[in-house]
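S.K.: Right, I'll just put the structure down here and ask away after.
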Amino acid sequence: MSTAAHRRSARLAPGFTFAGVTMIGLAAVVALAWLFSTSVSRSTSPSSAPPSLYPSAPTATATATAVVPGPATRAAPVTVSVPSIGVHAEVTELALPPDGRIPSPADPTAVGWLSDGPAPGELGTAVLVGHLDSDNGPAVFAQLYELGAGDLVVVRRHGEEPIRFEVSQVSRYPRTEPPEDAFGPSPVPELRLVTCDGPFLSGPSGGYRDNIVVSALPSEAGV
Amino acid sequence: MKKTAAVVGVLVCQLLLGGSLLAGLAWASPSGYLRLAHLSPDAPRVDVYLEGPRGDEPTKVPGVGYGVVSDYLTLPAGTYTVAMRPEGTSASAPAAVSTDVWVESGKAVTVAGMGALADLRLEVLVDDLSQPAEGTAAVRVIHASANLGTAAVSVGGRQLATSAALGDTTAYQDLPVGQVQLTATSLSGGRGLSESLQLEPGTVYSLAVLDRPSGGVRLRALVDAAGLDRVPAVGADAGYGGLAQPAEASDRGGSGLGLVAGLLAAAVAGTALLLRRSRTAR
């Protein structure tokens with residue numbers, strides 16, 4: 001492995017590439033077809049409807065089971081892997097404190113999941129936080145800045161199949177101003193990987209000035 | 001002389017500020033979201049066609065029945081065309097209903113076949129992706145039940161509609177989270193509905209009221225979006241400083257901060273020198 005200094009100079013060379021990635025088209029649409037077909041097959045429809053939009057006879061409707069969400073069964077994340085930067089880490093649970101500061105795990109080798117939100121793979125924005133460095137060297141997310149569009153992230157979950165994500169975007173913002181868009185609600189299972197970046201400031205409000213946020217969407221390929 | 005030093009100090013502060021602003025790059029979602037639904041109770045199964053902005057062949061989803069709602073598709077922003085044809089009819093036949101829909105980056109829409117078959121229409125519902133107020137969930141109701149008839153609808157004791165008809169969609173309201181009761185009271189002698197559901201914080205719901213084939217009314221709760229219970233006020237302090245070396249401070253920032261720090265140091269030194277000189281001169 002390279003030294004910390006080497007790592008940083010490597011980071012300078014390409015500059016920051018904040019890739020905005022346009023997603024898929026066909027693959028998503030194929031997924032759509034699948035969704036519709038499974039939804040339909042799950043319901044026990046008599047399928048006696050005439051194949052016309054304009055029948056006078058009453059039409060049959062699907063008798064799907066009532067869907068009323070109860071307390072969600074959480075498939076908590078167990079480990080997270082990012083093969084392209086050699087990350088394989090245990091995931092611990094973190095709670096967003098009342099002051100609204102995004103917490104980070106005490107252990108620089110661990111990754112924390114904000115359990116005040118969706119788990120990775122559930123519909124919505126799931127957030128994982130890891131350290132950039134420890135007191136004396138790189139920590140679990142030291143190379144997060146190197147990620148680019150299409151890089152793979154795999155999350156193993158308690159009682160569920162592992163789920164694969166692909167990086168769609170990398171962004172950076174001042175730590176004191178997290179944009180709502182980066183952490184707001186999402187209509188699909190999205191993942192955010194968060195760590196520090198920028199200059200290390202001293203003083204009472206010290207620490208790294210910025211945050212890097214890697215956004216990832218479920219991989220089309222499956223596991 | 002003192003004034004000059006003060007001006008330099010102000011300039012340095014502005015540079016520092018500018019540096020931190022440069023570092024904050026805007027977050028832009030690369031794509032938008034679209035889902036499709038069949039919510040017309042007396043319309044038969046349909047083939048749904050989705051045509052993208054690139055002029056590719058439309059994608060056909062065959063045999064979509066009443067009450068079916070797809071998951072969200074993540075799509076490149078652009079104008080799409082959604083069409084419904086009676087199941088099994090040729091793709092070249094005129095569509096029963098069709099509509100253009102603009103998929104906007106970072107925004108979500110639901111394109112739904114709505115209303116009674118006699119006046120079936122494809123409606124584009126704009127779905128809310130904004131963070132509900134702390135301790136609340138955002139909720140709207142979609143009236144897709146002929147059995148219910150015109151109805152007053154309330155959720156958790158809050159009235160969402162005083163008189164909603166088949167095909168109507170209420171506005172979103174932020175409601176306190178927890179176990180709540182949805183109550184739909186028919187104003188036209190139809191069947192009512194009273195059902196409890198659990199609202200989670202930071203979550204956006206569309207509650208669809210649907211016909212049962214047996215003649216009753218049922219609820220289907222759709223999650224439009226979910227996220228953290230509340231938006232973080234401050235980002236993560238996720239570094240202990242082990243990679244930070246004073247000499248390389250400028251490298252990390254990538255915004256000339258080393259230069260700024262140098263200027264700041266020079267300004268401080270200069271000010272000290274000037275102050276000492278003016279003191280000696282006195």
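Chain labels follow the order of the structure tokens: the first chain is A, the next B, and so on; residue numbering restarts at 1 in every chain, and ligands are counted from 1 in their shown order.
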Got a sec: who's within 12 Å of His88 in chain A, counting only C-alpha atoms, leaving out chain neighbours fewer than 2 positions off, as a list in words?

M.R.: Val78, Thr79, Val80, Ser81, Val82, Pro83, Ser84, Ile85, Gly86, Glu90, Val91, Thr109, Ala110, Val111, Gly130, Ala139, Val140, Phe141, Val153, Val154, Val155 and Arg156 of chain A

S.K.: Which of range 63-211 of chain A end up as strand (DSSP E) when DSSP is run on this backbone - answer as a PyMOL selection string?

M.R.: chain A and resi 77-82+87-94+111-114+124-130+152-157+160-174+189-201+207-211

S.K.: Leaving out range 113-116 of chain A and any residue of its chain fewer than 3 positions from it, which residues lie within 9 Å of it when counting only C-alpha atoms, given as an NGL selection string?

M.R.: (:A and (76-77 or 91-96 or 102-105 or 119-120 or 126-129)) or (:B and (201 or 227-230))

S.K.: One number please: CA of Ile212 in chain A to CA of Glu160 in chain A, in Å, one decimal.

M.R.: 28.5 Å

S.K.: Skipping near chain neighbours, those fewer than 5 positions away, what residues fall within 6 Å of Leu207 in chain B using only C-alpha atoms, listed as a PyMOL selection string?

M.R.: chain B and resi 141-142+220-222

S.K.: Here is a test: counting only C-alpha atoms, which residue of B:Gly78, B:Pro53, B:Pro132, B:Gly235 is nearest to chain A?

M.R.: B:Gly235

S.K.: Report as a tab-separated table (two decimals) with N, CA, C and O atoms, in the first residue's frame all protein, DNA and RNA residues lying within 7 Å of Pro178 in chain A, evaluated on only C-alpha atoms, omitting residues in the same chain fewer than 4 positions from it.

M.R.:
```tsv
chain	number	residue	atom	x	y	z
A	173	TYR	N	-19.20	18.78	-0.45
A	173	TYR	CA	-19.81	20.02	0.02
A	173	TYR	C	-19.20	20.37	1.37
A	173	TYR	O	-18.65	19.51	2.06
A	174	PRO	N	-19.31	21.66	1.78
A	174	PRO	CA	-18.79	22.03	3.10
A	174	PRO	C	-19.57	21.28	4.18
A	174	PRO	O	-20.78	21.17	4.10
B	232	PRO	N	-30.06	15.98	8.02
B	232	PRO	CA	-28.95	16.33	8.90
B	232	PRO	C	-28.62	17.82	8.82
B	232	PRO	O	-28.70	18.42	7.75
B	233	ALA	N	-28.31	18.39	9.98
B	233	ALA	CA	-27.98	19.81	10.03
B	233	ALA	C	-26.51	20.05	9.70
B	233	ALA	O	-26.14	21.07	9.13
B	234	VAL	N	-25.68	19.09	10.06
B	234	VAL	CA	-24.23	19.20	9.85
B	234	VAL	C	-23.73	17.85	9.35
B	234	VAL	O	-24.21	16.81	9.80
B	235	GLY	N	-22.77	17.91	8.43
B	235	GLY	CA	-22.23	16.68	7.86
B	235	GLY	C	-21.40	15.89	8.87
B	235	GLY	O	-21.31	16.25	10.05
```

S.K.: Using only C-alpha atoms, which residue out of B:Gly149, B:Gly67, B:Gly113, B:Gly157 lies closest to Leu219 in chain B?

M.R.: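 Closest residue, counting only C-alpha atoms: B:Gly67.
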
S.K.: What does the distance from CA of Leu73 in chain B to CA of Gln169 in chain A come to in Å, to one decimal?

M.R.: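 Distance reported for this atom pair: 17.7 Å.
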
S.K.: As a list in words, please: the residues near Ser31 in chain B (cut-off 6 Å, only C-alpha atoms, same-chain neighbours under 5 positions excluded).

M.R.: Leu75, Pro76, Ala77, Ser105 and Gly106 of chain B

S.K.: Between CA of Leu34 in chain B and CA of Gly135 in chain B, what is the distance, to one decimal in Å?

M.R.: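 Straight-line distance from CA of Leu34 in chain B to CA of Gly135 in chain B works out to 27.3 Å.
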